[in-house]
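Shown here: target-v2.txt, compact mmCIF, C-alpha atoms.
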# COMPACT_ATOMS: atom_id res chain seq x y z
CA MET A 1 58.24 29.02 1.52
CA ASN A 2 55.47 30.06 -0.87
CA SER A 3 51.83 30.53 -0.14
CA SER A 4 50.85 27.10 -1.44
CA THR A 5 53.07 25.29 1.06
CA ARG A 6 52.58 27.52 4.09
CA MET A 7 51.22 25.96 7.29
CA PRO A 8 48.17 27.90 8.52
CA TRP A 9 48.93 27.42 12.20
CA VAL A 10 52.41 28.90 11.80
CA ASP A 11 51.03 32.06 10.23
CA THR A 12 48.26 32.25 12.84
CA ALA A 13 50.85 32.04 15.62
CA LYS A 14 52.87 34.75 13.89
CA GLY A 15 49.71 36.84 13.70
CA LEU A 16 49.36 36.60 17.47
CA SER A 17 53.02 37.52 17.80
CA ILE A 18 52.91 40.62 15.65
CA ILE A 19 49.86 41.87 17.55
CA LEU A 20 51.71 41.43 20.84
CA VAL A 21 54.79 43.21 19.50
CA VAL A 22 52.80 46.19 18.21
CA MET A 23 50.77 46.18 21.43
CA MET A 24 53.95 46.54 23.47
CA TYR A 25 55.16 49.55 21.50
CA SER A 26 51.68 51.08 21.44
CA ALA A 27 51.22 50.76 25.21
CA TYR A 28 54.69 51.89 26.20
CA ASN A 29 54.80 54.70 23.65
CA THR A 30 51.45 55.96 24.95
CA GLY A 31 52.49 55.49 28.58
CA GLU A 32 55.63 57.51 27.98
CA TYR A 33 53.59 60.53 26.94
CA THR A 34 50.67 60.18 29.37
CA GLY A 35 52.75 59.04 32.32
CA GLY A 36 50.06 56.48 33.09
CA VAL A 37 49.47 52.73 32.96
CA GLY A 38 46.55 51.16 31.09
CA PHE A 39 45.05 47.68 30.88
CA LEU A 40 47.21 46.81 27.86
CA HIS A 41 50.28 47.29 30.04
CA TYR A 42 49.16 44.28 32.07
CA VAL A 43 48.58 42.20 28.95
CA ILE A 44 52.08 43.04 27.77
CA GLY A 45 53.44 42.34 31.22
CA PHE A 46 51.94 38.85 31.02
CA ALA A 47 53.55 38.33 27.59
CA THR A 48 56.98 39.68 28.59
CA PRO A 49 58.69 36.27 28.96
CA PHE A 50 57.71 34.98 25.50
CA ARG A 51 56.70 37.93 23.30
CA MET A 52 59.90 38.17 21.22
CA PRO A 53 61.26 34.64 21.86
CA GLU A 54 58.19 33.19 20.17
CA PHE A 55 58.75 35.26 17.05
CA PHE A 56 62.36 34.12 16.76
CA LEU A 57 61.56 30.49 17.54
CA ILE A 58 58.96 30.39 14.76
CA SER A 59 61.44 32.09 12.41
CA GLY A 60 63.79 29.16 12.94
CA LEU A 61 61.21 26.41 12.38
CA PHE A 62 61.78 26.09 8.64
CA LEU A 63 65.52 26.74 8.66
CA SER A 64 66.30 23.04 8.19
CA GLN A 65 64.59 23.17 4.78
CA VAL A 66 66.95 25.82 3.44
CA ILE A 67 70.16 25.76 5.47
CA ASP A 68 71.91 23.31 3.11
CA ARG A 69 71.12 25.26 -0.04
CA PRO A 70 74.03 26.69 -2.04
CA TRP A 71 75.60 29.64 -0.22
CA ARG A 72 74.50 32.27 -2.70
CA ARG A 73 70.87 31.15 -2.67
CA TYR A 74 70.81 30.83 1.11
CA ILE A 75 72.32 34.27 1.67
CA ASP A 76 69.89 35.77 -0.82
CA ARG A 77 66.83 34.34 0.94
CA ARG A 78 67.86 34.41 4.60
CA VAL A 79 70.17 37.42 4.81
CA VAL A 80 69.79 39.82 1.88
CA HIS A 81 65.99 39.47 2.00
CA TYR A 82 65.84 40.90 5.51
CA LEU A 83 68.60 43.44 5.00
CA TYR A 84 66.76 44.92 2.02
CA PHE A 85 63.68 45.71 4.10
CA TYR A 86 65.81 46.83 7.04
CA VAL A 87 67.82 49.30 4.98
CA LEU A 88 64.80 50.59 3.06
CA TRP A 89 62.66 51.23 6.11
CA ALA A 90 65.54 52.56 8.18
CA ILE A 91 66.11 55.19 5.47
CA ILE A 92 62.39 56.01 5.39
CA SER A 93 62.05 56.19 9.18
CA ILE A 94 65.23 58.19 9.79
CA GLY A 95 64.54 60.45 6.84
CA LEU A 96 61.03 61.28 8.04
CA LYS A 97 61.78 61.53 11.76
CA ILE A 98 65.19 63.20 11.78
CA GLY A 99 65.55 64.69 8.32
CA ILE A 100 62.07 66.10 7.69
CA TYR A 101 60.34 66.40 11.08
CA SER A 102 63.37 67.53 13.12
CA ARG A 103 65.14 69.15 10.15
CA ASP A 104 68.45 67.84 11.44
CA LEU A 105 70.52 66.87 8.41
CA ASP A 106 73.64 66.08 10.40
CA GLY A 107 71.63 63.98 12.84
CA MET A 108 70.00 62.15 9.97
CA LEU A 109 73.33 61.30 8.35
CA HIS A 110 74.72 60.20 11.72
CA ASP A 111 71.78 57.89 12.40
CA LEU A 112 71.95 56.44 8.88
CA ALA A 113 75.62 55.65 9.36
CA MET A 114 75.06 54.15 12.81
CA ALA A 115 72.19 52.00 11.50
CA VAL A 116 74.77 49.94 9.62
CA VAL A 117 76.39 48.63 12.80
CA GLN A 118 73.66 49.27 15.38
CA PRO A 119 70.10 48.01 14.65
CA TYR A 120 67.83 51.04 14.34
CA GLY A 121 64.70 51.37 16.46
CA VAL A 122 62.06 48.68 16.16
CA LEU A 123 63.73 47.43 12.99
CA TRP A 124 66.29 45.60 15.14
CA PHE A 125 64.20 42.44 14.77
CA ILE A 126 64.70 42.30 11.00
CA TYR A 127 68.40 43.15 11.35
CA MET A 128 68.87 40.29 13.81
CA LEU A 129 67.04 37.79 11.62
CA ALA A 130 69.69 38.39 8.97
CA VAL A 131 72.46 38.00 11.56
CA PHE A 132 70.91 34.83 13.02
CA GLY A 133 70.54 33.27 9.59
CA LEU A 134 74.19 33.95 8.79
CA VAL A 135 75.49 32.66 12.13
CA ALA A 136 73.38 29.49 11.93
CA ARG A 137 74.78 28.74 8.48
CA ILE A 138 78.36 29.31 9.63
CA LEU A 139 77.84 26.97 12.59
CA ARG A 140 76.43 24.42 10.16
CA GLU A 141 79.44 24.74 7.88
CA LEU A 142 81.80 24.32 10.84
CA ARG A 143 79.81 21.23 11.92
CA VAL A 144 79.33 22.55 15.45
CA PRO A 145 76.94 20.10 17.14
CA HIS A 146 73.60 21.25 18.53
CA TRP A 147 74.52 19.99 21.99
CA ALA A 148 77.39 22.49 22.03
CA VAL A 149 75.52 25.47 20.59
CA ILE A 150 72.38 25.33 22.74
CA PRO A 151 74.10 25.44 26.18
CA VAL A 152 76.31 28.35 25.10
CA ALA A 153 73.40 30.25 23.57
CA SER A 154 71.30 29.55 26.67
CA GLY A 155 74.11 30.79 28.88
CA LEU A 156 74.32 34.03 26.91
CA GLN A 157 70.57 34.52 27.24
CA MET A 158 70.64 34.04 30.99
CA TRP A 159 73.77 36.16 31.40
CA ALA A 160 72.05 39.01 29.51
CA PRO A 161 75.18 41.11 28.93
CA HIS A 162 74.87 44.79 28.04
CA PRO A 163 77.87 45.54 25.81
CA ASP A 164 78.29 48.80 23.91
CA SER A 165 76.98 47.02 20.82
CA TYR A 166 73.19 46.77 20.71
CA ALA A 167 73.52 44.07 18.05
CA LEU A 168 75.59 41.90 20.40
CA GLU A 169 73.15 42.51 23.22
CA GLN A 170 70.20 41.37 21.13
CA PHE A 171 72.17 38.43 19.77
CA ALA A 172 72.84 37.22 23.31
CA ALA A 173 69.21 37.71 24.28
CA TYR A 174 67.49 35.94 21.38
CA PHE A 175 69.76 33.70 19.28
CA VAL A 176 68.98 30.70 21.46
CA PHE A 177 65.29 30.86 20.51
CA PHE A 178 66.00 31.08 16.78
CA TYR A 179 68.39 28.15 17.03
CA LEU A 180 65.99 26.14 19.19
CA GLY A 181 63.31 26.64 16.55
CA PHE A 182 65.72 25.13 14.03
CA VAL A 183 66.66 22.17 16.26
CA ILE A 184 63.30 21.22 17.79
CA ALA A 185 61.15 21.98 14.73
CA PRO A 186 60.07 18.31 14.26
CA LEU A 187 58.95 18.17 17.90
CA VAL A 188 57.01 21.43 17.56
CA PHE A 189 55.24 20.24 14.42
CA ARG A 190 54.28 16.97 16.10
CA LEU A 191 53.11 18.73 19.26
CA VAL A 192 50.86 21.13 17.37
CA ALA A 193 49.47 18.38 15.13
CA TRP A 194 48.74 16.22 18.19
CA MET A 195 47.05 19.10 20.00
CA GLN A 196 44.99 20.04 16.93
CA GLU A 197 43.38 16.60 17.11
CA ARG A 198 42.58 17.16 20.80
CA PRO A 199 41.13 20.69 21.03
CA ALA A 200 39.76 20.25 24.56
CA LEU A 201 43.18 19.19 25.82
CA ALA A 202 44.79 22.10 23.96
CA VAL A 203 42.48 24.60 25.64
CA ALA A 204 43.03 23.04 29.06
CA GLY A 205 46.78 23.09 28.55
CA LEU A 206 46.75 26.72 27.45
CA VAL A 207 44.67 27.72 30.47
CA ALA A 208 47.05 25.92 32.83
CA TRP A 209 50.07 27.51 31.16
CA ALA A 210 48.47 30.99 31.30
CA ILE A 211 47.79 30.64 35.02
CA VAL A 212 51.34 29.54 35.83
CA ASN A 213 52.91 32.18 33.58
CA GLY A 214 50.70 34.92 35.03
CA LEU A 215 51.40 33.94 38.63
CA LEU A 216 55.15 33.92 38.06
CA VAL A 217 55.16 37.25 36.21
CA TYR A 218 52.89 38.98 38.72
CA SER A 219 54.47 37.45 41.82
CA PRO A 220 55.91 39.65 44.60
CA GLY A 221 58.42 42.12 43.24
CA TYR A 222 56.61 42.91 40.00
CA SER A 223 56.06 46.47 38.88
CA VAL A 224 54.06 47.74 35.91
CA GLN A 225 55.36 51.12 34.75
CA PRO A 226 54.41 53.46 31.90
CA VAL A 227 57.32 52.29 29.75
CA GLY A 228 58.14 48.83 31.08
CA THR A 229 57.33 45.87 33.28
CA GLN A 230 59.45 44.49 36.07
CA MET A 231 58.54 40.82 36.51
CA GLY A 232 58.43 38.99 39.82
CA LEU A 233 59.84 35.46 40.08
CA ALA A 234 59.77 35.19 36.29
CA ALA A 235 62.69 37.61 36.15
CA TRP A 236 65.07 34.95 37.54
CA PRO A 237 67.20 34.16 34.44
CA PRO A 238 66.85 30.34 34.37
CA LEU A 239 63.10 30.57 34.99
CA HIS A 240 62.79 33.37 32.45
CA LEU A 241 64.40 31.12 29.83
CA VAL A 242 62.04 28.25 30.66
CA LEU A 243 58.99 30.53 30.53
CA ALA A 244 60.14 31.96 27.21
CA VAL A 245 60.32 28.52 25.60
CA ALA A 246 57.07 27.40 27.26
CA GLY A 247 55.32 30.57 26.11
CA ALA A 248 56.63 30.16 22.57
CA LEU A 249 55.30 26.60 22.44
CA ALA A 250 52.00 27.75 23.94
CA LEU A 251 51.52 30.33 21.21
CA CYS A 252 52.29 27.66 18.61
CA VAL A 253 49.57 25.47 20.14
CA ALA A 254 47.22 28.46 20.26
CA GLY A 255 47.97 29.09 16.60
CA GLY A 256 47.12 25.48 15.82
CA PHE A 257 43.83 25.74 17.70
CA LEU A 258 42.75 29.08 16.22
CA SER A 259 43.75 28.17 12.66
CA LYS A 260 40.91 25.64 12.59
CA PHE A 261 38.34 28.45 12.67
CA ALA A 262 37.39 30.26 9.46
CA ALA A 263 36.79 33.40 11.50
CA MET A 264 40.52 33.51 12.27
CA GLU A 265 41.57 33.76 8.61
CA TRP A 266 42.38 37.44 9.13
CA LEU A 267 44.84 36.48 11.85
CA ARG A 268 46.50 33.91 9.60
CA TRP A 269 46.79 36.51 6.82
CA LEU A 270 48.29 39.00 9.25
CA GLY A 271 50.89 36.45 10.30
CA GLU A 272 51.76 35.62 6.71
CA HIS A 273 52.35 39.33 6.10
CA SER A 274 53.77 40.11 9.54
CA LEU A 275 56.79 41.94 8.13
CA VAL A 276 54.43 44.33 6.32
CA VAL A 277 53.10 45.41 9.69
CA TYR A 278 56.45 45.30 11.44
CA VAL A 279 58.31 47.60 9.05
CA ALA A 280 55.56 50.20 8.75
CA PHE A 281 53.65 50.45 12.02
CA THR A 282 55.75 53.01 13.90
CA ILE A 283 54.98 55.95 11.63
CA PRO A 284 51.16 55.81 11.96
CA MET A 285 51.59 54.91 15.64
CA SER A 286 53.44 58.14 16.40
CA LEU A 287 51.23 60.30 14.19
CA PHE A 288 47.97 59.01 15.63
CA ARG A 289 49.15 59.08 19.24
CA GLY A 290 50.34 62.67 18.85
CA ALA A 291 47.13 63.79 17.16
CA ALA A 292 44.93 62.04 19.74
CA LEU A 293 46.74 63.63 22.67
CA ALA A 294 46.74 67.05 21.02
CA SER A 295 42.99 66.85 20.42
CA GLY A 296 42.27 65.97 24.04
CA LEU A 297 39.46 63.65 22.93
CA LEU A 298 41.17 60.47 24.10
CA THR A 299 43.39 60.79 27.16
CA ASP A 300 42.81 57.56 29.12
CA THR A 301 46.03 55.56 28.81
CA GLY A 302 44.29 52.21 28.36
CA MET A 303 41.80 53.27 25.70
CA LEU A 304 44.35 55.42 23.90
CA SER A 305 46.80 52.51 23.85
CA LEU A 306 44.09 50.30 22.34
CA ALA A 307 43.26 52.89 19.70
CA VAL A 308 46.95 53.30 18.87
CA LEU A 309 47.29 49.52 18.58
CA ILE A 310 44.39 49.25 16.14
CA VAL A 311 45.62 52.12 13.99
CA SER A 312 49.18 50.78 14.05
CA VAL A 313 48.08 47.37 12.76
CA VAL A 314 45.45 48.52 10.27
CA SER A 315 47.47 51.34 8.66
CA PRO A 316 50.30 49.17 7.22
CA VAL A 317 47.71 46.69 5.93
CA ALA A 318 45.79 49.51 4.25
CA LEU A 319 49.03 50.82 2.72
CA TYR A 320 49.86 47.32 1.49
CA PHE A 321 46.50 46.98 -0.28
CA MET A 322 46.82 50.47 -1.76
CA VAL A 323 50.20 49.50 -3.20
CA LYS A 324 48.75 46.29 -4.61
CA LEU A 325 45.76 48.13 -6.07
CA THR A 326 47.71 50.94 -7.70
CA GLY A 327 50.91 49.08 -8.49
CA PHE A 328 52.82 52.09 -7.18
CA GLY A 329 55.32 51.51 -4.39
CA ASN A 330 55.75 47.76 -4.75
CA PHE A 331 59.36 48.15 -3.66
CA LEU A 332 58.08 48.96 -0.15
CA PHE A 333 56.89 45.40 0.39
CA GLU A 334 58.44 43.38 -2.43
CA ARG A 335 62.14 42.96 -3.05
CA PRO A 336 62.92 44.01 -6.64
CA ALA A 337 65.18 42.10 -9.00
CA TRP A 338 68.21 44.35 -8.43
CA ALA A 339 68.14 43.52 -4.71
CA HIS A 340 68.82 39.81 -5.37
CA ILE A 341 72.22 38.16 -5.49
CA ASP A 342 70.89 34.78 -6.61
CA ARG A 343 70.16 34.66 -10.32
CA THR A 344 67.34 32.15 -9.89
CA ASN A 345 65.45 34.49 -7.55
CA ALA A 346 66.23 37.52 -9.68
CA GLY A 347 64.84 35.71 -12.71
CA GLN A 348 61.63 34.97 -10.87
CA VAL A 349 61.24 38.61 -9.89
CA SER A 350 61.84 39.78 -13.44
CA LYS A 351 58.94 37.56 -14.51
CA GLY A 352 56.65 39.15 -11.95
CA VAL A 353 57.08 36.63 -9.13
CA ALA A 354 58.44 39.04 -6.57
CA GLN A 355 59.51 37.99 -3.10
CA PRO A 356 57.21 39.80 -0.67
CA ALA A 357 57.87 41.09 2.83
CA ARG A 358 57.14 37.80 4.52
CA GLU A 359 59.52 35.36 6.09
CA ALA A 360 61.92 33.91 3.55
CA ALA A 361 62.41 30.18 3.26
Now that the file is in, can you turn its structure into structure tokens?
Amino acid sequence: MNSSTRMPWVDTAKGLSIILVVMMYSAYNTGEYTGGVGFLHYVIGFATPFRMPEFFLISGLFLSQVIDRPWRRYIDRRVVHYLYFYVLWAIISIGLKIGIYSRDLDGMLHDLAMAVVQPYGVLWFIYMLAVFGLVARILRELRVPHWAVIPVASGLQMWAPHPDSYALEQFAAYFVFFYLGFVIAPLVFRLVAWMQERPALAVAGLVAWAIVNGLLVYSPGYSVQPVGTQMGLAAWPPLHLVLAVAGALALCVAGGFLSKFAAMEWLRWLGEHSLVVYVAFTIPMSLFRGAALASGLLTDTGMLSLAVLIVSVVSPVALYFMVKLTGFGNFLFERPAWAHIDRTNAGQVSKGVAQPAREAA
């Protein structure tokens, strides 16, 4: 899906999503080192039911437009595209963290090998997008009906197994949302379009949803900890699934509402380039958090978490613009011709139309 055919509300919703994802890692990473809980922990606690489900549901919205393409083209755009950025940034992250910082060559080689079968660190999201795209296509080829896939995928999500394989664990937890995005895409598009024409109703609906979601998350039994949130009633698996879908739809509606404002263009841009932030935010996050704590100038968990969040979002964007300005390092955010298996795409890249680190379509 190129820039000329992108839907602004989708990118705005993805912008909200990437901020929530980075916020979670910023708050919990900071809390781990300070041992405290800040105000962002409560924001993340509120978003726990839908934070990642929304990202996967949106990733499935345009699958129907590409799922019947020839196998080679589909695999190139929906599998190889993500694997390229996963492999590249896994090598960079492991090399810097284990190879250079810890000076552990054996550990680095071990982690690189394990990253093939076990999604590495925060990059698991990109790894799973490739897996989900492949599984969805196989199910399509086998003509497995939606009414059979959705109950099984929902059952896996509610069961929440913890096998030895992290990939299988994440597949069970999130495939249902990716597949639902694929199946209910027409309904989502109609809902957002309808709500965009009724902004007052959209705001009222979002307020009502936020109240219900917040009450269920912060009901008796909840616990906000430095590196996690234990939900109250919302932790009950069937209710958790319902809240995840409701929250995903709510963020889509919020994206539709906010996309109408010119002042939110930055959020739309961020969503369009969400993978740029996702692949590169952990390095500046760790460096800034460590430097801030070492300096002693910023020790409050809440304010430090906020500062880490801002730096973690802005730094990848700054790097992206530096790459664009200098022309050096394009491979960090654009898949080069040699990383394509479809000749049509490779031909486009060779002519300068590279496929950037945004969601493939």
Open item on the list: Env of A:Val10: 12 Å cut, atoms = all atoms listed in the file, seq-sep filter 6 positions within chain, self excluded. Answer as an MDAnalysis selection string.
Closed with: chainID A and resid 1 16:17 54:55 57:62 185 188:189 192:193 248:249 251:260 267:274 359
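When all atoms listed in the file are used to measure the gap to A:Arg78, the shortest distance among A:Phe132, A:Phe39, A:Tyr218, A:Phe125 belongs to A:Phe132.
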Each stretch 232-275 of chain A residue no farther than 12 Å from stretch 146-168 of chain A, nearest pair in Å, all atoms listed in the file, as CSV:
residue,atom,partner,partner_atom,distance
A:Ala235,CA,A:Met158,CA,10.1
A:Trp236,CA,A:Met158,CA,8.6
A:Pro237,CA,A:Met158,CA,4.9
A:Pro238,CA,A:Met158,CA,6.3
A:Leu239,CA,A:Met158,CA,9.2
A:His240,CA,A:Met158,CA,8.0
A:Leu241,CA,A:Met158,CA,7.0
A:Val242,CA,A:Ser154,CA,10.2
A:Ala244,CA,A:Gln157,CA,10.7
A:Val245,CA,A:Ser154,CA,11.1
TODO: Determine, counting only C-alpha atoms, which protein, DNA and RNA residues have an atom within 12 Å of an atom of A:His110; residues of the same chain fewer than 6 positions away are not included. Present the result as a PyMOL selection string.
DONE: chain A and resi 91+94-95+98-99+104+116-118+120
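Reported to one decimal place, the separation of atom CA of A:Ala13 from atom CA of A:Leu187 is 16.2 Å.
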TODO: Please provide as a PyMOL selection string all residues within 12 Å of A:Val308, with the sequence filter that same-chain residues fewer than 5 positions apart are discarded (counting only C-alpha atoms).
DONE: chain A and resi 19+22-31+40+281-293+298-303+313-315
Restricting the output to C-alpha atoms, write the selected residues as a PDB file, keeping the file's coordinate frame.
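File selection.pdb, as written:
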ATOM      1  CA  ILE A  19      49.860  41.870  17.550  1.00  0.00           C
ATOM      2  CA  VAL A  22      52.800  46.190  18.210  1.00  0.00           C
ATOM      3  CA  MET A  23      50.770  46.180  21.430  1.00  0.00           C
ATOM      4  CA  MET A  24      53.950  46.540  23.470  1.00  0.00           C
ATOM      5  CA  TYR A  25      55.160  49.550  21.500  1.00  0.00           C
ATOM      6  CA  SER A  26      51.680  51.080  21.440  1.00  0.00           C
ATOM      7  CA  ALA A  27      51.220  50.760  25.210  1.00  0.00           C
ATOM      8  CA  TYR A  28      54.690  51.890  26.200  1.00  0.00           C
ATOM      9  CA  ASN A  29      54.800  54.700  23.650  1.00  0.00           C
ATOM     10  CA  THR A  30      51.450  55.960  24.950  1.00  0.00           C
ATOM     11  CA  GLY A  31      52.490  55.490  28.580  1.00  0.00           C
ATOM     12  CA  LEU A  40      47.210  46.810  27.860  1.00  0.00           C
ATOM     13  CA  PHE A 281      53.650  50.450  12.020  1.00  0.00           C
ATOM     14  CA  THR A 282      55.750  53.010  13.900  1.00  0.00           C
ATOM     15  CA  ILE A 283      54.980  55.950  11.630  1.00  0.00           C
ATOM     16  CA  PRO A 284      51.160  55.810  11.960  1.00  0.00           C
ATOM     17  CA  MET A 285      51.590  54.910  15.640  1.00  0.00           C
ATOM     18  CA  SER A 286      53.440  58.140  16.400  1.00  0.00           C
ATOM     19  CA  LEU A 287      51.230  60.300  14.190  1.00  0.00           C
ATOM     20  CA  PHE A 288      47.970  59.010  15.630  1.00  0.00           C
ATOM     21  CA  ARG A 289      49.150  59.080  19.240  1.00  0.00           C
ATOM     22  CA  GLY A 290      50.340  62.670  18.850  1.00  0.00           C
ATOM     23  CA  ALA A 291      47.130  63.790  17.160  1.00  0.00           C
ATOM     24  CA  ALA A 292      44.930  62.040  19.740  1.00  0.00           C
ATOM     25  CA  LEU A 293      46.740  63.630  22.670  1.00  0.00           C
ATOM     26  CA  LEU A 298      41.170  60.470  24.100  1.00  0.00           C
ATOM     27  CA  THR A 299      43.390  60.790  27.160  1.00  0.00           C
ATOM     28  CA  ASP A 300      42.810  57.560  29.120  1.00  0.00           C
ATOM     29  CA  THR A 301      46.030  55.560  28.810  1.00  0.00           C
ATOM     30  CA  GLY A 302      44.290  52.210  28.360  1.00  0.00           C
ATOM     31  CA  MET A 303      41.800  53.270  25.700  1.00  0.00           C
ATOM     32  CA  VAL A 313      48.080  47.370  12.760  1.00  0.00           C
ATOM     33  CA  VAL A 314      45.450  48.520  10.270  1.00  0.00           C
ATOM     34  CA  SER A 315      47.470  51.340   8.660  1.00  0.00           C
TER      35      SER A 315
END
Using all atoms of stretch 296-315 of chain A that appear in the file, construct an axis-aligned enclosing box with 4 Å of padding on every side and provide its centre coordinates and edge lengths in Å, rounded to one decimal, as JSON.
{"center_x": 44.3, "center_y": 56.7, "center_z": 18.9, "size_x": 17.7, "size_y": 26.6, "size_z": 28.5}
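Across the model, the gap from atom CA of A:Pro336 to atom CA of A:Ala318 is 21.0 Å.
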Could I get stretch 151-158 of chain A rebuilt with all heavy atoms, written as a PDB file, in the frame of the given file?
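The new file result.pdb reads:
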ATOM      1  N   PRO A 151      73.682  25.001  24.837  1.00  0.00           N
ATOM      2  CA  PRO A 151      74.100  25.440  26.180  1.00  0.00           C
ATOM      3  C   PRO A 151      74.782  26.805  26.176  1.00  0.00           C
ATOM      4  O   PRO A 151      74.551  27.625  27.075  1.00  0.00           O
ATOM      5  CB  PRO A 151      75.049  24.339  26.651  1.00  0.00           C
ATOM      6  CG  PRO A 151      74.673  23.140  25.861  1.00  0.00           C
ATOM      7  CD  PRO A 151      74.267  23.679  24.524  1.00  0.00           C
ATOM      8  N   VAL A 152      75.621  27.058  25.174  1.00  0.00           N
ATOM      9  CA  VAL A 152      76.310  28.350  25.100  1.00  0.00           C
ATOM     10  C   VAL A 152      75.315  29.467  24.836  1.00  0.00           C
ATOM     11  O   VAL A 152      75.355  30.520  25.486  1.00  0.00           O
ATOM     12  CB  VAL A 152      77.396  28.321  24.003  1.00  0.00           C
ATOM     13  CG1 VAL A 152      77.988  29.721  23.808  1.00  0.00           C
ATOM     14  CG2 VAL A 152      78.502  27.329  24.358  1.00  0.00           C
ATOM     15  N   ALA A 153      74.402  29.234  23.885  1.00  0.00           N
ATOM     16  CA  ALA A 153      73.400  30.250  23.570  1.00  0.00           C
ATOM     17  C   ALA A 153      72.472  30.479  24.763  1.00  0.00           C
ATOM     18  O   ALA A 153      72.081  31.622  25.048  1.00  0.00           O
ATOM     19  CB  ALA A 153      72.583  29.821  22.348  1.00  0.00           C
ATOM     20  N   SER A 154      72.139  29.415  25.479  1.00  0.00           N
ATOM     21  CA  SER A 154      71.300  29.550  26.670  1.00  0.00           C
ATOM     22  C   SER A 154      72.028  30.338  27.761  1.00  0.00           C
ATOM     23  O   SER A 154      71.426  31.170  28.455  1.00  0.00           O
ATOM     24  CB  SER A 154      70.906  28.171  27.212  1.00  0.00           C
ATOM     25  OG  SER A 154      70.148  27.445  26.264  1.00  0.00           O
ATOM     26  N   GLY A 155      73.319  30.062  27.904  1.00  0.00           N
ATOM     27  CA  GLY A 155      74.110  30.790  28.880  1.00  0.00           C
ATOM     28  C   GLY A 155      74.172  32.273  28.578  1.00  0.00           C
ATOM     29  O   GLY A 155      74.078  33.116  29.484  1.00  0.00           O
ATOM     30  N   LEU A 156      74.308  32.611  27.305  1.00  0.00           N
ATOM     31  CA  LEU A 156      74.320  34.030  26.910  1.00  0.00           C
ATOM     32  C   LEU A 156      72.978  34.685  27.233  1.00  0.00           C
ATOM     33  O   LEU A 156      72.942  35.822  27.705  1.00  0.00           O
ATOM     34  CB  LEU A 156      74.609  34.143  25.414  1.00  0.00           C
ATOM     35  CG  LEU A 156      76.053  33.959  24.962  1.00  0.00           C
ATOM     36  CD1 LEU A 156      76.131  33.959  23.441  1.00  0.00           C
ATOM     37  CD2 LEU A 156      76.947  35.044  25.547  1.00  0.00           C
ATOM     38  N   GLN A 157      71.885  33.959  26.978  1.00  0.00           N
ATOM     39  CA  GLN A 157      70.570  34.520  27.240  1.00  0.00           C
ATOM     40  C   GLN A 157      70.367  34.793  28.729  1.00  0.00           C
ATOM     41  O   GLN A 157      69.851  35.839  29.116  1.00  0.00           O
ATOM     42  CB  GLN A 157      69.495  33.558  26.712  1.00  0.00           C
ATOM     43  CG  GLN A 157      68.119  34.175  26.542  1.00  0.00           C
ATOM     44  CD  GLN A 157      67.336  34.244  27.849  1.00  0.00           C
ATOM     45  OE1 GLN A 157      67.564  33.459  28.771  1.00  0.00           O
ATOM     46  NE2 GLN A 157      66.408  35.193  27.927  1.00  0.00           N
ATOM     47  N   MET A 158      70.805  33.865  29.550  1.00  0.00           N
ATOM     48  CA  MET A 158      70.640  34.040  30.990  1.00  0.00           C
ATOM     49  C   MET A 158      71.610  35.073  31.553  1.00  0.00           C
ATOM     50  O   MET A 158      71.286  35.789  32.495  1.00  0.00           O
ATOM     51  CB  MET A 158      70.810  32.692  31.702  1.00  0.00           C
ATOM     52  CG  MET A 158      69.667  31.722  31.458  1.00  0.00           C
ATOM     53  SD  MET A 158      69.817  30.176  32.397  1.00  0.00           S
ATOM     54  CE  MET A 158      71.120  29.345  31.475  1.00  0.00           C
TER      55      MET A 158
END
